[in-house]
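Source file query24.tsv; content: TSV, C-alpha atoms.
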chain	number	residue	atom	x	y	z
A	1	MET	CA	-79.70	59.49	-14.97
A	2	ILE	CA	-77.62	62.53	-15.85
A	3	LEU	CA	-75.01	62.09	-18.56
A	4	THR	CA	-71.87	64.13	-18.23
A	5	VAL	CA	-70.07	65.39	-21.32
A	6	LYS	CA	-67.25	62.95	-20.60
A	7	SER	CA	-69.55	59.92	-20.41
A	8	LEU	CA	-71.45	61.06	-23.52
A	9	ILE	CA	-68.22	61.31	-25.52
A	10	LYS	CA	-67.10	57.92	-24.20
A	11	ASN	CA	-70.39	56.32	-25.34
A	12	LEU	CA	-70.20	57.96	-28.76
A	13	ASN	CA	-66.75	56.54	-29.31
A	14	LYS	CA	-67.53	53.08	-27.93
A	15	ASN	CA	-66.05	50.25	-29.93
A	16	LYS	CA	-63.94	52.32	-32.25
A	17	ILE	CA	-62.05	49.68	-34.19
A	18	LEU	CA	-58.79	49.92	-36.11
A	19	PHE	CA	-57.45	47.27	-38.46
A	20	TYR	CA	-53.72	47.83	-38.90
A	21	GLY	CA	-52.03	45.82	-41.65
A	22	TYR	CA	-48.29	45.92	-42.10
A	23	GLY	CA	-45.65	44.38	-44.33
A	24	ASN	CA	-43.97	44.97	-47.66
A	25	PRO	CA	-46.22	44.39	-50.69
A	26	GLY	CA	-43.10	44.49	-52.89
A	27	ARG	CA	-41.90	41.29	-51.18
A	28	GLN	CA	-44.69	38.98	-52.30
A	29	ASP	CA	-46.43	37.34	-49.29
A	30	ASP	CA	-44.95	39.88	-46.87
A	31	GLY	CA	-47.74	42.13	-48.20
A	32	LEU	CA	-50.55	39.95	-46.77
A	33	GLY	CA	-51.36	42.43	-43.96
A	34	ILE	CA	-51.73	45.34	-46.37
A	35	ASN	CA	-53.69	43.30	-48.92
A	36	PHE	CA	-56.00	42.10	-46.14
A	37	CYS	CA	-56.77	45.68	-45.06
A	38	GLU	CA	-57.44	46.82	-48.62
A	39	LYS	CA	-59.91	43.99	-49.21
A	40	LEU	CA	-61.62	44.40	-45.84
A	41	ARG	CA	-61.84	48.19	-46.33
A	42	ASN	CA	-63.72	47.65	-49.61
A	43	TRP	CA	-66.06	45.15	-47.94
A	44	ALA	CA	-66.66	47.45	-44.94
A	45	LYS	CA	-67.48	50.38	-47.21
A	46	LYS	CA	-70.03	48.33	-49.18
A	47	ASN	CA	-71.58	47.05	-45.94
A	48	HIS	CA	-71.57	50.43	-44.15
A	49	CYS	CA	-69.37	49.22	-41.29
A	50	LYS	CA	-67.77	51.96	-39.20
A	51	ILE	CA	-64.22	50.62	-39.08
A	52	ASP	CA	-60.92	52.44	-39.50
A	53	PHE	CA	-57.84	51.15	-41.31
A	54	ASP	CA	-54.15	51.88	-41.43
A	55	ILE	CA	-51.29	50.27	-43.32
A	56	ASN	CA	-47.54	50.56	-43.16
A	57	TYR	CA	-44.34	48.70	-44.00
A	58	GLN	CA	-43.59	48.13	-40.32
A	59	LEU	CA	-44.79	49.09	-36.88
A	60	ASN	CA	-43.42	52.33	-35.46
A	61	ILE	CA	-43.22	53.79	-31.98
A	62	GLU	CA	-45.61	56.53	-33.11
A	63	ASP	CA	-48.32	53.89	-33.67
A	64	SER	CA	-48.80	53.83	-29.90
A	65	TYR	CA	-50.38	57.28	-30.15
A	66	GLU	CA	-52.66	56.26	-33.00
A	67	ILE	CA	-54.02	53.16	-31.26
A	68	SER	CA	-54.70	55.14	-28.08
A	69	ALA	CA	-57.82	56.54	-29.80
A	70	TYR	CA	-59.37	53.07	-30.27
A	71	ASP	CA	-61.21	50.56	-28.14
A	72	LYS	CA	-60.10	47.60	-30.27
A	73	VAL	CA	-57.12	47.14	-32.56
A	74	ILE	CA	-56.49	44.22	-34.87
A	75	PHE	CA	-52.93	44.00	-36.18
A	76	ILE	CA	-52.47	41.97	-39.38
A	77	ASP	CA	-49.16	40.47	-40.48
A	78	SER	CA	-47.77	37.50	-42.39
A	79	SER	CA	-45.60	34.62	-41.27
A	80	LYS	CA	-43.96	31.54	-42.76
A	81	ASN	CA	-44.11	29.77	-39.40
A	82	LEU	CA	-47.80	28.89	-39.14
A	83	LYS	CA	-49.18	25.38	-39.40
A	84	LYS	CA	-52.66	26.63	-40.32
A	85	SER	CA	-53.72	29.16	-42.94
A	86	PHE	CA	-54.01	31.89	-40.28
A	87	SER	CA	-54.10	32.48	-36.54
A	88	PHE	CA	-56.12	35.01	-34.56
A	89	GLU	CA	-55.20	35.65	-30.96
A	90	LYS	CA	-55.67	38.25	-28.28
A	91	ILE	CA	-52.44	39.98	-27.30
A	92	LYS	CA	-51.24	41.83	-24.20
A	93	PRO	CA	-48.70	44.64	-23.70
A	94	ILE	CA	-45.08	43.49	-23.44
A	95	ASP	CA	-42.09	45.66	-22.50
A	96	ILE	CA	-39.25	44.66	-24.81
A	97	THR	CA	-36.61	47.05	-26.06
A	98	TYR	CA	-35.12	46.51	-29.52
A	99	TYR	CA	-32.25	48.34	-31.13
A	100	THR	CA	-34.30	48.80	-34.32
A	101	SER	CA	-37.95	49.57	-34.99
A	102	HIS	CA	-37.96	46.86	-37.68
A	103	LYS	CA	-38.29	44.30	-34.86
A	104	MET	CA	-41.18	46.13	-33.19
A	105	LEU	CA	-44.08	43.83	-32.21
A	106	PRO	CA	-47.77	44.74	-31.73
A	107	GLU	CA	-47.31	43.87	-28.04
A	108	ASN	CA	-44.60	46.56	-27.83
A	109	ILE	CA	-46.93	49.14	-29.36
A	110	LEU	CA	-49.58	48.21	-26.78
A	111	PHE	CA	-47.05	48.60	-23.97
A	112	LEU	CA	-46.03	52.05	-25.19
A	113	CYS	CA	-49.69	53.05	-25.55
A	114	LYS	CA	-50.33	52.07	-21.94
A	115	LYS	CA	-47.16	53.70	-20.61
A	116	LEU	CA	-47.36	56.94	-22.59
A	117	TYR	CA	-51.11	57.52	-22.90
A	118	ASP	CA	-52.56	55.41	-20.06
A	119	LYS	CA	-54.74	53.52	-22.56
A	120	THR	CA	-54.86	49.84	-23.38
A	121	PRO	CA	-57.17	49.00	-26.25
A	122	GLU	CA	-58.34	45.42	-26.57
A	123	ALA	CA	-55.91	44.06	-29.14
A	124	TYR	CA	-55.57	41.06	-31.42
A	125	LEU	CA	-53.02	39.77	-33.88
A	126	LEU	CA	-54.20	38.17	-37.10
A	127	THR	CA	-51.30	36.33	-38.69
A	128	ILE	CA	-51.72	34.93	-42.20
A	129	LYS	CA	-49.46	32.19	-43.53
A	130	GLY	CA	-47.21	33.22	-46.40
A	131	TYR	CA	-44.81	31.19	-48.49
A	132	SER	CA	-42.49	33.46	-50.47
A	133	TRP	CA	-40.75	36.77	-49.77
A	134	ASN	CA	-39.27	37.29	-53.24
A	135	PHE	CA	-39.10	40.69	-54.91
A	136	LYS	CA	-42.53	40.49	-56.56
A	137	GLU	CA	-45.72	42.41	-55.91
A	138	LYS	CA	-48.20	39.59	-56.41
A	139	LEU	CA	-49.13	37.22	-53.58
A	140	THR	CA	-48.54	33.53	-54.11
A	141	LYS	CA	-51.68	31.55	-54.91
A	142	LYS	CA	-51.54	29.65	-51.59
A	143	ALA	CA	-51.09	32.87	-49.60
A	144	ASP	CA	-53.99	34.49	-51.47
A	145	ASN	CA	-56.18	31.51	-50.52
A	146	ASN	CA	-55.11	31.92	-46.88
A	147	LEU	CA	-55.98	35.62	-47.07
A	148	LYS	CA	-59.49	34.76	-48.34
A	149	THR	CA	-59.97	32.26	-45.51
A	150	ALA	CA	-58.87	34.85	-42.92
A	151	LEU	CA	-61.13	37.50	-44.49
A	152	ASN	CA	-64.16	35.22	-44.27
A	153	TYR	CA	-63.39	34.52	-40.60
A	154	ILE	CA	-63.04	38.21	-39.72
A	155	LYS	CA	-66.18	39.23	-41.66
A	156	LYS	CA	-68.18	36.81	-39.48
A	157	LEU	CA	-66.47	38.16	-36.35
A	158	ILE	CA	-67.03	41.87	-37.04
A	159	PRO	CA	-70.59	42.05	-35.61
A	160	LYS	CA	-69.19	40.74	-32.30
A	161	LEU	CA	-66.39	43.31	-32.36
A	162	LEU	CA	-68.77	46.19	-32.98
The structure in this file should be written as structure tokens.
Amino acid sequence: MILTVKSLIKNLNKNKILFYGYGNPGRQDDGLGINFCEKLRNWAKKNHCKIDFDINYQLNIEDSYEISAYDKVIFIDSSKNLKKSFSFEKIKPIDITYYTSHKMLPENILFLCKKLYDKTPEAYLLTIKGYSWNFKEKLTKKADNNLKTALNYIKKLIPKLL
């Protein structure tokens, strides 16, 4: 079997994974996505896992370019509207136009990635239940417990993602 340069590069980059946490850590539990990425980054470094991370206050149109370089993307956000401590679900591209980027969803970023760069990474949304969005930097105790539960779940899942 002869490997072309293109197929060799594709195999070298197989299963490039990005964890993308977003939210405002200055608004208490709204910072769950960012806190999650910081904790998982430390764990991945100690365990020599080849995983990339990004964090931001909100999703931006430009994120469609960034995710185009990955095979799998896991978006992490917080929500008050969960019944369980967290949810983890596969997501698909959705074409929705908003008047502001503050309403941008991970599904919108996937759609733009497909439309602009002809790439559709396998994507998931990890949502962690939060309780308070006050002007404080520390997570609530219940939200921190939910973060730990979600972290344990993802740590067990990572070998399957790689």
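Among the candidates A:Tyr131, A:Phe111, A:Tyr65, A:Tyr57, the one nearest to Gly23 of chain A when counting only C-alpha atoms is A:Tyr57.
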I need the residue nearest Phe36 of chain A from this list: A:Asp52, A:Glu89, A:Glu66, A:Asp77. Use only C-alpha atoms for the distance.
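Under the stated criterion, the closest residue is A:Asp77.
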Skipping near chain neighbours, those fewer than 4 positions away, what residues fall within 8 Å of Gly21 of chain A using all atoms listed in the file, listed as a tab-separated table (two decimals) with C-alpha atoms, in the frame of the given file?
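Output file around.tsv follows:
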chain	number	residue	atom	x	y	z
A	32	LEU	CA	-50.55	39.95	-46.77
A	33	GLY	CA	-51.36	42.43	-43.96
A	34	ILE	CA	-51.73	45.34	-46.37
A	35	ASN	CA	-53.69	43.30	-48.92
A	36	PHE	CA	-56.00	42.10	-46.14
A	37	CYS	CA	-56.77	45.68	-45.06
A	53	PHE	CA	-57.84	51.15	-41.31
A	54	ASP	CA	-54.15	51.88	-41.43
A	55	ILE	CA	-51.29	50.27	-43.32
A	56	ASN	CA	-47.54	50.56	-43.16
A	75	PHE	CA	-52.93	44.00	-36.18
A	76	ILE	CA	-52.47	41.97	-39.38
A	77	ASP	CA	-49.16	40.47	-40.48
Looking at A:Lys39, A:Lys160, A:Lys129, A:Lys138, which one is nearest to Ser85 of chain A, with distances taken over all atoms listed in the file?
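Distance minimum relative to Ser85 of chain A lands on A:Lys129.
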Go through A:Asn15, A:Asn152, A:Ser132, A:Thr120 one by one, measure the shortest atom-to-atom distance of each to Ser68 of chain A using all atoms listed in the file, and give the residue with the smallest value.
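The answer is A:Thr120, which sits nearest to Ser68 of chain A.
When atom CA of Met104 of chain A is paired with atom CA of Leu125 of chain A, their separation reads 13.5 Å.
Look at Glu107 of chain A: the protein and nucleic acid residues within 6 Å of it, using all atoms listed in the file and passing over chain neighbours fewer than 2 places away, are Lys92, Pro93, Ile94, Leu105, Ile109 and Leu110 of chain A.
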Looking at A:Ile51, A:Ala150, A:Cys113, A:Leu139, which one is nearest to Leu18 of chain A, with distances taken over only C-alpha atoms?
A:Ile51
Would you list the contacts of Thr140 of chain A as a PDB file with C-alpha atoms, keeping the file's coordinate frame, taking every protein, DNA or RNA residue within 12 Å and counting all atoms listed in the file, but skipping same-chain residues closer than 4 positions in sequence?
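Resulting contents of selection.pdb:
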ATOM      1  CA  PRO A  25     -46.220  44.390 -50.690  1.00  0.00           C
ATOM      2  CA  ARG A  27     -41.900  41.290 -51.180  1.00  0.00           C
ATOM      3  CA  GLN A  28     -44.690  38.980 -52.300  1.00  0.00           C
ATOM      4  CA  ASP A  29     -46.430  37.340 -49.290  1.00  0.00           C
ATOM      5  CA  ASP A  30     -44.950  39.880 -46.870  1.00  0.00           C
ATOM      6  CA  GLY A  31     -47.740  42.130 -48.200  1.00  0.00           C
ATOM      7  CA  LEU A  32     -50.550  39.950 -46.770  1.00  0.00           C
ATOM      8  CA  LYS A 129     -49.460  32.190 -43.530  1.00  0.00           C
ATOM      9  CA  GLY A 130     -47.210  33.220 -46.400  1.00  0.00           C
ATOM     10  CA  TYR A 131     -44.810  31.190 -48.490  1.00  0.00           C
ATOM     11  CA  SER A 132     -42.490  33.460 -50.470  1.00  0.00           C
ATOM     12  CA  TRP A 133     -40.750  36.770 -49.770  1.00  0.00           C
ATOM     13  CA  ASN A 134     -39.270  37.290 -53.240  1.00  0.00           C
ATOM     14  CA  PHE A 135     -39.100  40.690 -54.910  1.00  0.00           C
ATOM     15  CA  LYS A 136     -42.530  40.490 -56.560  1.00  0.00           C
ATOM     16  CA  ASP A 144     -53.990  34.490 -51.470  1.00  0.00           C
ATOM     17  CA  ASN A 145     -56.180  31.510 -50.520  1.00  0.00           C
ATOM     18  CA  ASN A 146     -55.110  31.920 -46.880  1.00  0.00           C
ATOM     19  CA  LEU A 147     -55.980  35.620 -47.070  1.00  0.00           C
TER      20      LEU A 147
END
